[in-house]
Amino acid sequence: MLVLAIDTSTPAVTAGIVSLTSPDSVRTLAVRVTVNPRAHAEVLTPHVLECLAESDHAAGDLDAVVVGVGPGPYTGLRVGMATAAAFGDALGIPVYGVCSLDAIAAAVSTKDNLLVVTDARRREIYWARYDRGVRVQGPAVDSPADVEASPSTVIAGSASHVDYFDVRVEPAETPSPAGLVTVAARGILAGAEPSALEPLYLRRPDAKTLAERGK
């Protein structure tokens with residue numbers, strides 16, 4: 001199966017084309033990543049088209065779309081999820097939403113006692129904890145000082161935030177196309193009906209309505 005993978009939950013704008021033949025056979029055919037928190041809308045669709053061209057496929061060859069639903073900032077998530085939904089609707093294929101922290105965890109070789117963190121701004125982090133590849137805490141948003149390293153012995157995620165924790169670092173900073181597809185692989189292969197896309201904002205957006213500003 002041919003899967004389009006998208007994530008805009010971090011400053012990295014990520015798109016990729018992934019070949020999926022079994023839950024243990026996930027192969028990236030093409031990937032584009034631009035690290036720019038202000039460029040999500042400008043570069044995401046061009047990234048998708050470049051990946052299709054590089055992998056020598058047309059959009060009509062796609063069987064499914066997987067998109068990271070956060071946690072992440074309001075604007076970035078909205079761009080990624082809207083783009084994924086647009087491709088799914090235009091092509092008549094299912095769109096699977098997955099937790100972006102789960103996608104980072106899926107790309108880490110160590111599956112036991114893993115902590116994943118990403119930048120939530122405001123001096124906070126989004127985080128989740130995993131044991132044997134299963135999420136056991138989170139996702140949540142907190143100050144790094146309020147998140148215990150223990151019982152985790154390994155950490156992955158944002159390079160500027162993993163150093164807050166005195167544990168071994170795995171080099172998986174953002175959700176990869178293969179990680180995103182791995183999380184959704186069993187559902188895709190089974191032809192499962194995807195759940196409605198629901199963004200994991202975890203807090204209110206920075207932007208306020210005029211009514212809210214007047215309060």
# chains A, B, ... in the order shown; residues from 1 in each chain; ligands from 1
call {"tool": "closest_atom_pairs", "arguments": {"of": "range 8-48 of chain A", "to": "range 79-99 of chain A", "cutoff": "8 Å", "atoms": "only C-alpha atoms", "output": "JSON lines"}}
result
{"residue": "A:Thr8", "atom": "CA", "partner": "A:Gly80", "partner_atom": "CA", "distance": 5.3}
{"residue": "A:Ser9", "atom": "CA", "partner": "A:Gly80", "partner_atom": "CA", "distance": 7.9}
{"residue": "A:His40", "atom": "CA", "partner": "A:Val79", "partner_atom": "CA", "distance": 6.6}
{"residue": "A:Ala41", "atom": "CA", "partner": "A:Val79", "partner_atom": "CA", "distance": 6.0}
{"residue": "A:Leu44", "atom": "CA", "partner": "A:Gly80", "partner_atom": "CA", "distance": 7.6}
{"residue": "A:Thr45", "atom": "CA", "partner": "A:Thr83", "partner_atom": "CA", "distance": 7.4}
call {"tool": "residues_around", "arguments": {"residues": "range 197-204 of chain A", "least_positions_apart": "6", "cutoff": "8 Å", "atoms": "only C-alpha atoms", "output": "ChimeraX atom specification"}}
result
/A:69-74,77-78,81,96-97,99,140-141
call {"tool": "residues_around", "arguments": {"residues": "Tyr126 in chain A", "least_positions_apart": "2", "cutoff": "9 Å", "atoms": "only C-alpha atoms", "output": "VMD selection string"}}
result
chain A and resid 71 to 72 101 116 to 120 124 128 138 to 143 202
call {"tool": "write_last_selection", "arguments": {"atoms": "C-alpha atoms", "output": "PDB file, in the first residue's frame"}}
result
ATOM      1  CA  PRO A  71      -0.110  17.867  20.438  1.00  0.00           C
ATOM      2  CA  GLY A  72       1.059  21.038  18.768  1.00  0.00           C
ATOM      3  CA  LEU A 101       4.410  11.939  20.045  1.00  0.00           C
ATOM      4  CA  VAL A 116       9.095  11.868  24.383  1.00  0.00           C
ATOM      5  CA  VAL A 117       9.072  15.677  24.535  1.00  0.00           C
ATOM      6  CA  THR A 118       8.421  18.461  22.017  1.00  0.00           C
ATOM      7  CA  ASP A 119       8.385  22.240  22.230  1.00  0.00           C
ATOM      8  CA  ALA A 120       5.082  23.674  23.493  1.00  0.00           C
ATOM      9  CA  GLU A 124       6.620  24.363  28.390  1.00  0.00           C
ATOM     10  CA  ALA A 128       4.194  11.433  26.822  1.00  0.00           C
ATOM     11  CA  GLY A 138       0.118  11.735  28.381  1.00  0.00           C
ATOM     12  CA  PRO A 139      -0.034  13.450  26.088  1.00  0.00           C
ATOM     13  CA  ALA A 140       0.170  16.462  28.369  1.00  0.00           C
ATOM     14  CA  VAL A 141       1.651  19.956  28.483  1.00  0.00           C
ATOM     15  CA  ASP A 142       3.732  21.132  31.439  1.00  0.00           C
ATOM     16  CA  SER A 143       6.844  22.988  32.481  1.00  0.00           C
ATOM     17  CA  LEU A 202      -4.134  20.639  24.949  1.00  0.00           C
TER      18      LEU A 202
END
call {"tool": "residues_around", "arguments": {"residues": "Val31 in chain A", "least_positions_apart": "2", "cutoff": "10 Å", "atoms": "only C-alpha atoms", "output": "PyMOL selection string"}}
result
chain A and resi 4-6+14-18+28-29+33+47-48+50-52+54-55+176-178
call {"tool": "write_last_selection", "arguments": {"atoms": "N, CA and C atoms", "output": "PDB file, in the first residue's frame"}}
result
ATOM      1  N   LEU A   4       0.521   8.472   2.086  1.00  0.00           N
ATOM      2  CA  LEU A   4       1.032   9.823   2.263  1.00  0.00           C
ATOM      3  C   LEU A   4       1.051  10.138   3.746  1.00  0.00           C
ATOM      4  N   ALA A   5       2.203  10.595   4.263  1.00  0.00           N
ATOM      5  CA  ALA A   5       2.340  10.933   5.675  1.00  0.00           C
ATOM      6  C   ALA A   5       2.652  12.419   5.815  1.00  0.00           C
ATOM      7  N   ILE A   6       1.955  13.079   6.744  1.00  0.00           N
ATOM      8  CA  ILE A   6       2.086  14.516   6.950  1.00  0.00           C
ATOM      9  C   ILE A   6       2.163  14.807   8.441  1.00  0.00           C
ATOM     10  N   THR A  14       6.708  18.346   7.659  1.00  0.00           N
ATOM     11  CA  THR A  14       7.124  17.042   7.160  1.00  0.00           C
ATOM     12  C   THR A  14       6.075  16.417   6.248  1.00  0.00           C
ATOM     13  N   ALA A  15       6.551  15.902   5.112  1.00  0.00           N
ATOM     14  CA  ALA A  15       5.699  15.116   4.214  1.00  0.00           C
ATOM     15  C   ALA A  15       6.526  13.961   3.679  1.00  0.00           C
ATOM     16  N   GLY A  16       5.879  12.845   3.426  1.00  0.00           N
ATOM     17  CA  GLY A  16       6.603  11.695   2.888  1.00  0.00           C
ATOM     18  C   GLY A  16       5.671  10.702   2.229  1.00  0.00           C
ATOM     19  N   ILE A  17       6.226   9.914   1.345  1.00  0.00           N
ATOM     20  CA  ILE A  17       5.503   8.806   0.712  1.00  0.00           C
ATOM     21  C   ILE A  17       6.100   7.515   1.260  1.00  0.00           C
ATOM     22  N   VAL A  18       5.232   6.653   1.765  1.00  0.00           N
ATOM     23  CA  VAL A  18       5.679   5.452   2.471  1.00  0.00           C
ATOM     24  C   VAL A  18       5.017   4.209   1.869  1.00  0.00           C
ATOM     25  N   THR A  28      10.188   4.167   3.697  1.00  0.00           N
ATOM     26  CA  THR A  28      10.037   5.524   3.189  1.00  0.00           C
ATOM     27  C   THR A  28      10.599   5.619   1.777  1.00  0.00           C
ATOM     28  N   LEU A  29       9.777   6.068   0.835  1.00  0.00           N
ATOM     29  CA  LEU A  29      10.197   6.212  -0.553  1.00  0.00           C
ATOM     30  C   LEU A  29      10.690   7.615  -0.864  1.00  0.00           C
ATOM     31  N   VAL A  33      11.442  17.724   4.460  1.00  0.00           N
ATOM     32  CA  VAL A  33      11.301  18.359   5.767  1.00  0.00           C
ATOM     33  C   VAL A  33      11.854  19.775   5.689  1.00  0.00           C
ATOM     34  N   HIS A  47       5.810  20.168  -0.798  1.00  0.00           N
ATOM     35  CA  HIS A  47       6.544  18.998  -0.295  1.00  0.00           C
ATOM     36  C   HIS A  47       5.863  17.709  -0.739  1.00  0.00           C
ATOM     37  N   VAL A  48       4.540  17.661  -0.607  1.00  0.00           N
ATOM     38  CA  VAL A  48       3.803  16.454  -0.989  1.00  0.00           C
ATOM     39  C   VAL A  48       4.004  16.161  -2.475  1.00  0.00           C
ATOM     40  N   GLU A  50       6.438  17.127  -4.439  1.00  0.00           N
ATOM     41  CA  GLU A  50       7.825  16.736  -4.695  1.00  0.00           C
ATOM     42  C   GLU A  50       8.055  15.278  -4.307  1.00  0.00           C
ATOM     43  N   CYS A  51       7.465  14.851  -3.200  1.00  0.00           N
ATOM     44  CA  CYS A  51       7.628  13.462  -2.761  1.00  0.00           C
ATOM     45  C   CYS A  51       6.972  12.493  -3.748  1.00  0.00           C
ATOM     46  N   LEU A  52       5.804  12.864  -4.243  1.00  0.00           N
ATOM     47  CA  LEU A  52       5.149  12.019  -5.248  1.00  0.00           C
ATOM     48  C   LEU A  52       6.014  11.894  -6.495  1.00  0.00           C
ATOM     49  N   GLU A  54       9.319  12.339  -6.758  1.00  0.00           N
ATOM     50  CA  GLU A  54      10.560  11.606  -6.477  1.00  0.00           C
ATOM     51  C   GLU A  54      10.313  10.107  -6.401  1.00  0.00           C
ATOM     52  N   SER A  55       9.163   9.712  -5.855  1.00  0.00           N
ATOM     53  CA  SER A  55       8.858   8.280  -5.717  1.00  0.00           C
ATOM     54  C   SER A  55       8.245   7.704  -6.985  1.00  0.00           C
ATOM     55  N   SER A 176       8.562  11.297  11.949  1.00  0.00           N
ATOM     56  CA  SER A 176       9.005  10.935  10.600  1.00  0.00           C
ATOM     57  C   SER A 176       7.849  10.290   9.848  1.00  0.00           C
ATOM     58  N   PRO A 177       7.887  10.301   8.508  1.00  0.00           N
ATOM     59  CA  PRO A 177       6.845   9.607   7.754  1.00  0.00           C
ATOM     60  C   PRO A 177       6.700   8.141   8.152  1.00  0.00           C
ATOM     61  N   ALA A 178       7.822   7.444   8.311  1.00  0.00           N
ATOM     62  CA  ALA A 178       7.751   6.031   8.694  1.00  0.00           C
ATOM     63  C   ALA A 178       7.144   5.858  10.074  1.00  0.00           C
TER      64      ALA A 178
END
call {"tool": "closest_residue", "arguments": {"among": "A:Asp7, A:Trp127, A:Ala184, A:Arg27", "to": "Ser158 in chain A", "atoms": "only C-alpha atoms"}}
result
A:Trp127
call {"tool": "residues_around", "arguments": {"residues": "Asp63 in chain A", "least_positions_apart": "2", "cutoff": "7 Å", "atoms": "only C-alpha atoms", "output": "PyMOL selection string"}}
result
chain A and resi 1-3+61+93
call {"tool": "atom_distance", "arguments": {"atom1": "CA of Ser160 in chain A", "atom2": "CA of Arg32 in chain A"}}
result
21.7 Å
call {"tool": "select_by_dssp", "arguments": {"residues": "range 32-192 of chain A", "states": "helix (DSSP H, G or I)", "output": "VMD selection string"}}
result
chain A and resid 40 to 54 59 to 61 74 to 91 100 to 106 144 to 146 162 to 164 177 to 190
call {"tool": "select_by_dssp", "arguments": {"residues": "chain A", "states": "strand (DSSP E or B)", "output": "count of residues only"}}
result
68
call {"tool": "closest_residue", "arguments": {"among": "A:Arg186, A:Ala196, A:Ala107, A:Val35", "to": "Ser22 in chain A", "atoms": "only C-alpha atoms"}}
result
A:Arg186
